[in-house]
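Structure file start.pdb (PDB, C-alpha atoms) is printed below.
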```pdb
MODEL        1
ATOM      1  CA  MET A   1      49.149  14.148  -1.594
ATOM      2  CA  SER A   2      45.799  13.832   0.103
ATOM      3  CA  ASN A   3      44.050  17.077   0.911
ATOM      4  CA  ILE A   4      42.883  18.605   4.221
ATOM      5  CA  LYS A   5      39.530  20.297   3.743
ATOM      6  CA  LYS A   6      38.652  21.975   7.022
ATOM      7  CA  ILE A   7      38.402  21.654  10.779
ATOM      8  CA  ASN A   8      35.555  19.168  11.134
ATOM      9  CA  HIS A   9      35.172  19.695  14.871
ATOM     10  CA  VAL A  10      36.766  20.700  18.141
ATOM     11  CA  ALA A  11      35.839  18.328  20.983
ATOM     12  CA  ILE A  12      35.399  19.476  24.579
ATOM     13  CA  VAL A  13      35.109  16.939  27.383
ATOM     14  CA  VAL A  14      32.418  17.904  29.893
ATOM     15  CA  LYS A  15      30.860  16.447  33.044
ATOM     16  CA  ASP A  16      27.293  17.336  32.152
ATOM     17  CA  ILE A  17      26.134  18.324  28.670
ATOM     18  CA  GLU A  18      22.951  19.999  29.930
ATOM     19  CA  LYS A  19      24.923  22.235  32.256
ATOM     20  CA  SER A  20      27.536  23.065  29.593
ATOM     21  CA  LEU A  21      24.794  24.033  27.149
ATOM     22  CA  GLU A  22      23.847  26.844  29.543
ATOM     23  CA  PHE A  23      27.066  28.487  28.360
ATOM     24  CA  TRP A  24      27.483  27.383  24.747
ATOM     25  CA  GLU A  25      23.834  27.669  23.760
ATOM     26  CA  THR A  26      21.979  29.943  26.173
ATOM     27  CA  ALA A  27      24.726  32.471  26.934
ATOM     28  CA  LEU A  28      27.035  32.367  23.890
ATOM     29  CA  GLY A  29      24.146  31.953  21.456
ATOM     30  CA  LEU A  30      25.194  28.913  19.408
ATOM     31  CA  LYS A  31      22.474  26.523  18.234
ATOM     32  CA  LEU A  32      22.537  22.905  19.358
ATOM     33  CA  HIS A  33      21.939  20.561  16.416
ATOM     34  CA  HIS A  34      21.325  17.368  18.408
ATOM     35  CA  VAL A  35      22.624  15.162  21.225
ATOM     36  CA  GLU A  36      23.562  11.592  20.367
ATOM     37  CA  ASP A  37      24.368   8.554  22.477
ATOM     38  CA  VAL A  38      27.568   6.887  21.265
ATOM     39  CA  PRO A  39      27.736   3.643  23.261
ATOM     40  CA  SER A  40      30.787   2.439  21.276
ATOM     41  CA  GLN A  41      32.706   5.441  22.684
ATOM     42  CA  ALA A  42      31.035   5.231  26.122
ATOM     43  CA  SER A  43      29.860   8.788  25.715
ATOM     44  CA  LYS A  44      27.105  11.094  24.603
ATOM     45  CA  VAL A  45      27.848  13.975  22.302
ATOM     46  CA  ALA A  46      26.203  17.373  21.684
ATOM     47  CA  PHE A  47      26.794  18.617  18.134
ATOM     48  CA  ILE A  48      26.908  22.412  17.824
ATOM     49  CA  PRO A  49      27.534  23.855  14.342
ATOM     50  CA  VAL A  50      29.832  26.903  14.065
ATOM     51  CA  GLY A  51      30.399  28.032  10.477
ATOM     52  CA  GLU A  52      31.678  25.058   8.459
ATOM     53  CA  SER A  53      32.826  23.273  11.644
ATOM     54  CA  GLU A  54      31.275  21.972  14.855
ATOM     55  CA  ILE A  55      31.943  22.182  18.545
ATOM     56  CA  GLU A  56      31.278  18.791  20.130
ATOM     57  CA  LEU A  57      30.581  18.506  23.850
ATOM     58  CA  VAL A  58      31.511  14.973  24.877
ATOM     59  CA  GLN A  59      30.269  13.542  28.171
ATOM     60  CA  PRO A  60      31.503  10.135  29.366
ATOM     61  CA  THR A  61      28.633   7.746  30.138
ATOM     62  CA  THR A  62      30.658   5.154  32.037
ATOM     63  CA  GLU A  63      33.285   5.572  34.752
ATOM     64  CA  ASP A  64      35.956   3.286  33.310
ATOM     65  CA  SER A  65      36.572   4.686  29.813
ATOM     66  CA  GLY A  66      39.728   6.484  28.748
ATOM     67  CA  LEU A  67      37.664   9.638  28.371
ATOM     68  CA  ALA A  68      36.275   9.353  31.912
ATOM     69  CA  GLY A  69      39.849   8.936  33.181
ATOM     70  CA  TYR A  70      40.951  12.010  31.229
ATOM     71  CA  LEU A  71      38.089  14.054  32.712
ATOM     72  CA  GLU A  72      38.898  12.816  36.216
ATOM     73  CA  LYS A  73      42.582  13.676  35.828
ATOM     74  CA  ARG A  74      42.552  16.928  33.823
ATOM     75  CA  GLY A  75      39.054  18.270  34.331
ATOM     76  CA  GLU A  76      36.755  19.734  31.712
ATOM     77  CA  GLY A  77      38.282  21.403  28.672
ATOM     78  CA  LEU A  78      39.541  21.045  25.131
ATOM     79  CA  HIS A  79      40.036  17.363  24.270
ATOM     80  CA  HIS A  80      40.825  16.878  20.598
ATOM     81  CA  LEU A  81      40.947  18.567  17.201
ATOM     82  CA  CYS A  82      39.474  16.827  14.152
ATOM     83  CA  VAL A  83      40.551  17.718  10.615
ATOM     84  CA  GLU A  84      38.641  16.428   7.614
ATOM     85  CA  VAL A  85      40.605  14.879   4.751
ATOM     86  CA  ASP A  86      39.540  13.679   1.325
ATOM     87  CA  ASP A  87      41.393  10.341   1.528
ATOM     88  CA  ILE A  88      42.081   9.016   5.025
ATOM     89  CA  GLU A  89      44.039   5.926   3.948
ATOM     90  CA  ALA A  90      46.390   8.040   1.820
ATOM     91  CA  LYS A  91      46.835  10.567   4.636
ATOM     92  CA  MET A  92      47.564   7.813   7.174
ATOM     93  CA  GLN A  93      50.182   6.332   4.848
ATOM     94  CA  GLU A  94      51.824   9.737   4.366
ATOM     95  CA  LEU A  95      51.922  10.209   8.140
ATOM     96  CA  LYS A  96      53.418   6.736   8.713
ATOM     97  CA  ASP A  97      56.032   7.452   6.043
ATOM     98  CA  ALA A  98      56.910  10.665   7.895
ATOM     99  CA  GLY A  99      57.407   8.730  11.152
ATOM    100  CA  VAL A 100      54.248  10.041  12.827
ATOM    101  CA  ARG A 101      52.760   7.810  15.519
ATOM    102  CA  LEU A 102      49.158   6.812  14.837
ATOM    103  CA  ILE A 103      46.797   5.392  17.467
ATOM    104  CA  ASN A 104      44.854   3.380  14.866
ATOM    105  CA  ASP A 105      46.576   1.132  12.327
ATOM    106  CA  ALA A 106      43.578   1.341  10.010
ATOM    107  CA  PRO A 107      40.616   3.731  10.011
ATOM    108  CA  GLN A 108      37.534   2.866  12.020
ATOM    109  CA  VAL A 109      34.613   2.689   9.621
ATOM    110  CA  LEU A 110      31.327   4.130  10.900
ATOM    111  CA  PRO A 111      28.153   5.080   9.039
ATOM    112  CA  GLY A 112      28.957   8.207   7.030
ATOM    113  CA  ARG A 113      32.608   8.480   8.036
ATOM    114  CA  LYS A 114      35.993   6.878   8.534
ATOM    115  CA  MET A 115      38.125   8.040  11.445
ATOM    116  CA  ALA A 116      41.550   7.581  13.006
ATOM    117  CA  PHE A 117      43.627   9.279  15.689
ATOM    118  CA  ILE A 118      47.167  10.631  15.664
ATOM    119  CA  HIS A 119      49.071  10.278  18.938
ATOM    120  CA  PRO A 120      49.597  13.564  20.820
ATOM    121  CA  LYS A 121      53.303  12.738  21.172
ATOM    122  CA  SER A 122      53.641  13.285  17.429
ATOM    123  CA  ALA A 123      51.390  16.364  17.253
ATOM    124  CA  SER A 124      52.556  19.092  19.686
ATOM    125  CA  GLY A 125      50.658  17.442  22.543
ATOM    126  CA  VAL A 126      47.355  17.559  20.635
ATOM    127  CA  LEU A 127      45.133  14.523  20.115
ATOM    128  CA  VAL A 128      44.366  14.942  16.403
ATOM    129  CA  GLU A 129      41.507  13.051  14.784
ATOM    130  CA  LEU A 130      41.270  12.468  11.046
ATOM    131  CA  TYR A 131      37.832  12.211   9.410
ATOM    132  CA  GLU A 132      36.853  11.234   5.940
ATOM    133  CA  ILE A 133      33.179  11.805   5.192
ATOM    134  CA  THR A 134      31.791   8.936   3.128
ATOM    135  CA  ALA A 135      28.494   8.338   1.348
ATOM    136  CA  GLU A 136      25.844   7.206   3.860
TER     137      GLU A 136
ATOM    138  CA  MET B 137      21.460  39.128  19.338
ATOM    139  CA  SER B 138      24.977  39.338  17.957
ATOM    140  CA  ASN B 139      25.981  36.581  15.597
ATOM    141  CA  ILE B 140      28.782  33.997  15.733
ATOM    142  CA  LYS B 141      30.269  33.532  12.282
ATOM    143  CA  LYS B 142      32.824  30.750  12.533
ATOM    144  CA  ILE B 143      35.754  29.303  14.423
ATOM    145  CA  ASN B 144      38.446  31.890  13.733
ATOM    146  CA  HIS B 145      41.271  29.757  15.130
ATOM    147  CA  VAL B 146      42.330  27.007  17.469
ATOM    148  CA  ALA B 147      45.519  27.890  19.375
ATOM    149  CA  ILE B 148      48.119  25.318  20.365
ATOM    150  CA  VAL B 149      50.899  26.223  22.791
ATOM    151  CA  VAL B 150      54.266  24.804  21.685
ATOM    152  CA  LYS B 151      57.868  24.913  22.864
ATOM    153  CA  ASP B 152      59.392  25.370  19.424
ATOM    154  CA  ILE B 153      57.430  26.435  16.356
ATOM    155  CA  GLU B 154      60.058  25.135  13.925
ATOM    156  CA  LYS B 155      59.940  21.683  15.479
ATOM    157  CA  SER B 156      56.113  21.642  15.587
ATOM    158  CA  LEU B 157      55.946  22.590  11.916
ATOM    159  CA  GLU B 158      57.662  19.272  11.140
ATOM    160  CA  PHE B 159      54.320  17.703  12.051
ATOM    161  CA  TRP B 160      51.696  20.279  11.045
ATOM    162  CA  GLU B 161      53.320  21.308   7.772
ATOM    163  CA  THR B 162      55.776  18.656   6.603
ATOM    164  CA  ALA B 163      53.943  15.517   7.772
ATOM    165  CA  LEU B 164      50.268  16.534   7.924
ATOM    166  CA  GLY B 165      50.515  18.681   4.794
ATOM    167  CA  LEU B 166      49.042  21.994   5.932
ATOM    168  CA  LYS B 167      50.522  25.202   4.517
ATOM    169  CA  LEU B 168      52.106  27.742   6.847
ATOM    170  CA  HIS B 169      50.916  31.269   6.031
ATOM    171  CA  HIS B 170      53.454  33.178   8.104
ATOM    172  CA  VAL B 171      55.127  33.440  11.516
ATOM    173  CA  GLU B 172      54.696  36.675  13.447
ATOM    174  CA  ASP B 173      56.357  38.089  16.541
ATOM    175  CA  VAL B 174      53.747  39.369  18.991
ATOM    176  CA  PRO B 175      55.786  41.159  21.677
ATOM    177  CA  SER B 176      52.621  42.441  23.403
ATOM    178  CA  GLN B 177      51.681  38.792  24.086
ATOM    179  CA  ALA B 178      55.302  37.697  24.751
ATOM    180  CA  SER B 179      54.994  35.120  22.020
ATOM    181  CA  LYS B 180      55.494  34.308  18.387
ATOM    182  CA  VAL B 181      52.710  32.757  16.376
ATOM    183  CA  ALA B 182      52.590  30.536  13.283
ATOM    184  CA  PHE B 183      49.377  31.018  11.292
ATOM    185  CA  ILE B 184      48.222  27.911   9.423
ATOM    186  CA  PRO B 185      44.982  28.184   7.406
ATOM    187  CA  VAL B 186      42.586  25.201   7.485
ATOM    188  CA  GLY B 187      39.385  25.806   5.519
ATOM    189  CA  GLU B 188      37.779  29.012   6.802
ATOM    190  CA  SER B 189      39.700  28.772  10.108
ATOM    191  CA  GLU B 190      43.312  28.699  11.239
ATOM    192  CA  ILE B 191      45.474  26.638  13.513
ATOM    193  CA  GLU B 192      47.812  28.920  15.443
ATOM    194  CA  LEU B 193      51.003  27.567  16.985
ATOM    195  CA  VAL B 194      51.924  29.893  19.850
ATOM    196  CA  GLN B 195      55.420  29.834  21.334
ATOM    197  CA  PRO B 196      56.231  31.900  24.443
ATOM    198  CA  THR B 197      59.215  34.195  23.906
ATOM    199  CA  THR B 198      59.808  35.069  27.559
ATOM    200  CA  GLU B 199      59.928  32.846  30.627
ATOM    201  CA  ASP B 200      57.653  34.877  32.893
ATOM    202  CA  SER B 201      54.420  35.196  30.876
ATOM    203  CA  GLY B 202      51.172  33.449  31.738
ATOM    204  CA  LEU B 203      51.564  31.404  28.574
ATOM    205  CA  ALA B 204      55.082  30.287  29.540
ATOM    206  CA  GLY B 205      53.730  29.228  32.928
ATOM    207  CA  TYR B 206      50.916  27.282  31.283
ATOM    208  CA  LEU B 207      53.402  25.493  29.016
ATOM    209  CA  GLU B 208      55.668  24.711  31.985
ATOM    210  CA  LYS B 209      52.754  23.333  34.020
ATOM    211  CA  ARG B 210      50.620  21.510  31.434
ATOM    212  CA  GLY B 211      52.986  20.894  28.549
ATOM    213  CA  GLU B 212      52.298  21.413  24.878
ATOM    214  CA  GLY B 213      48.737  21.073  23.613
ATOM    215  CA  LEU B 214      45.450  22.793  22.874
ATOM    216  CA  HIS B 215      45.336  26.223  24.527
ATOM    217  CA  HIS B 216      42.276  28.193  23.442
ATOM    218  CA  LEU B 217      39.387  28.334  20.993
ATOM    219  CA  CYS B 218      38.557  31.573  19.194
ATOM    220  CA  VAL B 219      35.113  32.261  17.739
ATOM    221  CA  GLU B 220      34.506  35.201  15.451
ATOM    222  CA  VAL B 221      31.502  37.431  16.123
ATOM    223  CA  ASP B 222      30.006  40.306  14.183
ATOM    224  CA  ASP B 223      29.682  42.646  17.194
ATOM    225  CA  ILE B 224      32.035  41.967  20.098
ATOM    226  CA  GLU B 225      30.672  44.690  22.408
ATOM    227  CA  ALA B 226      27.116  43.349  22.004
ATOM    228  CA  LYS B 227      28.286  39.763  22.565
ATOM    229  CA  MET B 228      30.231  40.756  25.705
ATOM    230  CA  GLN B 229      27.183  42.537  27.085
ATOM    231  CA  GLU B 230      24.982  39.486  26.406
ATOM    232  CA  LEU B 231      27.516  37.285  28.189
ATOM    233  CA  LYS B 232      27.717  39.619  31.196
ATOM    234  CA  ASP B 233      23.925  39.689  31.360
ATOM    235  CA  ALA B 234      23.963  35.877  31.424
ATOM    236  CA  GLY B 235      26.399  35.876  34.352
ATOM    237  CA  VAL B 236      29.393  34.671  32.326
ATOM    238  CA  ARG B 237      32.804  35.632  33.707
ATOM    239  CA  LEU B 238      34.915  37.621  31.240
ATOM    240  CA  ILE B 239      38.678  38.132  31.564
ATOM    241  CA  ASN B 240      38.540  41.505  29.788
ATOM    242  CA  ASP B 241      36.092  44.238  30.781
ATOM    243  CA  ALA B 242      36.359  45.826  27.350
ATOM    244  CA  PRO B 243      37.756  44.444  24.101
ATOM    245  CA  GLN B 244      41.442  44.926  23.322
ATOM    246  CA  VAL B 245      41.677  46.865  20.078
ATOM    247  CA  LEU B 246      44.435  45.761  17.687
ATOM    248  CA  PRO B 247      44.980  46.553  14.005
ATOM    249  CA  GLY B 248      42.304  44.638  12.089
ATOM    250  CA  ARG B 249      40.562  43.133  15.087
ATOM    251  CA  LYS B 250      39.049  43.508  18.525
ATOM    252  CA  MET B 251      39.473  40.669  21.007
ATOM    253  CA  ALA B 252      38.442  39.539  24.474
ATOM    254  CA  PHE B 253      38.621  36.353  26.535
ATOM    255  CA  ILE B 254      35.949  34.424  28.416
ATOM    256  CA  HIS B 255      37.129  32.758  31.628
ATOM    257  CA  PRO B 256      37.400  28.945  31.429
ATOM    258  CA  LYS B 257      35.390  28.645  34.653
ATOM    259  CA  SER B 258      32.358  29.887  32.711
ATOM    260  CA  ALA B 259      33.025  27.841  29.560
ATOM    261  CA  SER B 260      33.398  24.116  30.330
ATOM    262  CA  GLY B 261      37.060  24.579  31.215
ATOM    263  CA  VAL B 262      37.844  26.127  27.830
ATOM    264  CA  LEU B 263      39.620  29.459  27.400
ATOM    265  CA  VAL B 264      37.368  31.028  24.752
ATOM    266  CA  GLU B 265      38.517  34.045  22.774
ATOM    267  CA  LEU B 266      36.118  36.372  20.963
ATOM    268  CA  TYR B 267      37.262  38.121  17.786
ATOM    269  CA  GLU B 268      35.641  40.824  15.777
ATOM    270  CA  ILE B 269      37.395  41.505  12.489
ATOM    271  CA  THR B 270      37.461  45.246  11.771
ATOM    272  CA  ALA B 271      38.492  47.310   8.766
ATOM    273  CA  GLU B 272      42.274  47.663   8.667
TER     274      GLU B 272
ENDMDL
END
```
Please go through the file and, once you have read it, give me the structure as structure tokens.
Amino acid sequence: MSNIKKINHVAIVVKDIEKSLEFWETALGLKLHHVEDVPSQASKVAFIPVGESEIELVQPTTEDSGLAGYLEKRGEGLHHLCVEVDDIEAKMQELKDAGVRLINDAPQVLPGRKMAFIHPKSASGVLVELYEITAE
Amino acid sequence: MSNIKKINHVAIVVKDIEKSLEFWETALGLKLHHVEDVPSQASKVAFIPVGESEIELVQPTTEDSGLAGYLEKRGEGLHHLCVEVDDIEAKMQELKDAGVRLINDAPQVLPGRKMAFIHPKSASGVLVELYEITAE
């Protein structure tokens, strides 16, 4: 069976990263690593390390994405939970065999990682992301 | 300044721990540590280690708690994010000084830990819990 290594990140959807950093960085005392534009996800993301994991603040950059719709409907808050696995294809197959509903049929391959989402209907209402870190 | 050590846990509110474990344990492959009744919080909690953190499945055990109301209104899903600090009183003072709204004026003291909550209005819509692990 493929192995789950850790929580890679917890993602929080926000209206305005700069404003949110007043809490997470200035008040709470975490250290921002960097902010990255992710045009493929119509968002920009602030990466904030916490122990072996990260908090990611995700701000929609267009008004018509799924994320922008989520923010409009539910407001700011926790968005998804990402667990890191050692073999994403094996884990996805195990989940399919167990009858779990996946959002992606195959992992998306990005520089440095492969990723896929599990549907909240199969995961106690939680949007769960799977990550496999790959050689860059 | 007090130090943040790691994500202690991510809490997920669920209707039925046994049913949710069919995903988190049986399908996803995490290992349940134990399930604990927490009458003071009107809930029972399944503790599931993931790396240095835990996923906690929290099931209300009464119908009139705040948690039961949250579940009724928003459904199952991510509930709060707990970060572990080395000095909770110092961190709470720093947050007050920064104008952050806390739910608890002083930490709740339980066996093995002190805890307090930050109001979601001050934290990008996220209910943030602070933990300090103390000698048992």
Legend entry - Nearby residues, (53.7, 33.5, 11.4) file frame, 7 Å, all atoms listed in the file, as a list in words: His169, His170, Val171, Glu172, Val181, Ala182 and Phe183 of chain B
Legend entry - Nearest residue to Glu25 (chain A) from the set A:Pro39, A:Gly69, A:Gly77, A:Pro49 (distances using all atoms listed in the file):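 Looking only at the distances to Glu25 (chain A), the closest residue turns out to be A:Pro49.
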Legend entry - Separation of CA of Val146 (chain B) from CA of Ala271 (chain B) in Å: 22.4 Å
Inset, instruction - Could you list the residues in chain B lying within 9 Å of chain A, using all atoms listed in the file, and format the result as a VMD selection string? - result: chain B and resid 137 to 143 146 148 to 151 155 to 156 159 to 160 162 to 166 185 to 190 211 to 217 219 227 230 to 236 256 258 to 263
Inset, instruction - Tell me, as JSON, numbers by chain, which residues lie within 10 Å of Ala68 (chain A), counting all atoms listed in the file; anything in the same chain fewer than 2 positions away does not count. - result: {"A": [13, 14, 15, 42, 43, 59, 60, 61, 62, 63, 64, 65, 66, 70, 71, 72, 73, 75]}
Inset, instruction - Choose the residue, out of B:Leu168, B:Ile269, B:Val264, B:Asp173, that has the smallest atom-to-atom separation from Arg249 (chain B); count all atoms listed in the file. - result: B:Ile269
Kindly provide, as lines of an AutoDock Vina configuration file, the centre and edge lengths (Å, one decimal) of an axis-aligned box around all atoms of region 160-166 of chain B given in the file, with 3 Å on each side.
```
center_x = 52.4
center_y = 18.8
center_z = 7.9
size_x = 12.7
size_y = 12.5
size_z = 12.3
```
Legend entry - Separation of CA of Lys31 (chain A) from CA of Phe253 (chain B) in Å: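 So the two atoms, CA of Phe253 (chain B) and CA of Lys31 (chain A), lie 20.6 Å apart.
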Inset, instruction - For the structure shown, which residues end up in the PyMOL selection byres ((chain A and resi 105) around 12)? Put them as a PyMOL selection string, please? - result: chain A and resi 88-89+92-93+95-96+100-104+106-108+115-119
Legend entry - Separation of CA of Pro111 (chain A) from CA of Ser40 (chain A) in Å: 12.8 Å
Inset, instruction - Excluding Thr270 (chain B) and residues on its chain fewer than 3 positions from it, collect all residues at most 10 Å away from it, counting only C-alpha atoms, and give them as a ChimeraX atom specification. - result: /B:222-223,245-250,267
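In this comparison, which uses all atoms listed in the file, the residue of B:Ile184, B:Val194, B:Ala147, B:Val174 approaching Cys218 (chain B) most closely is B:Ala147.
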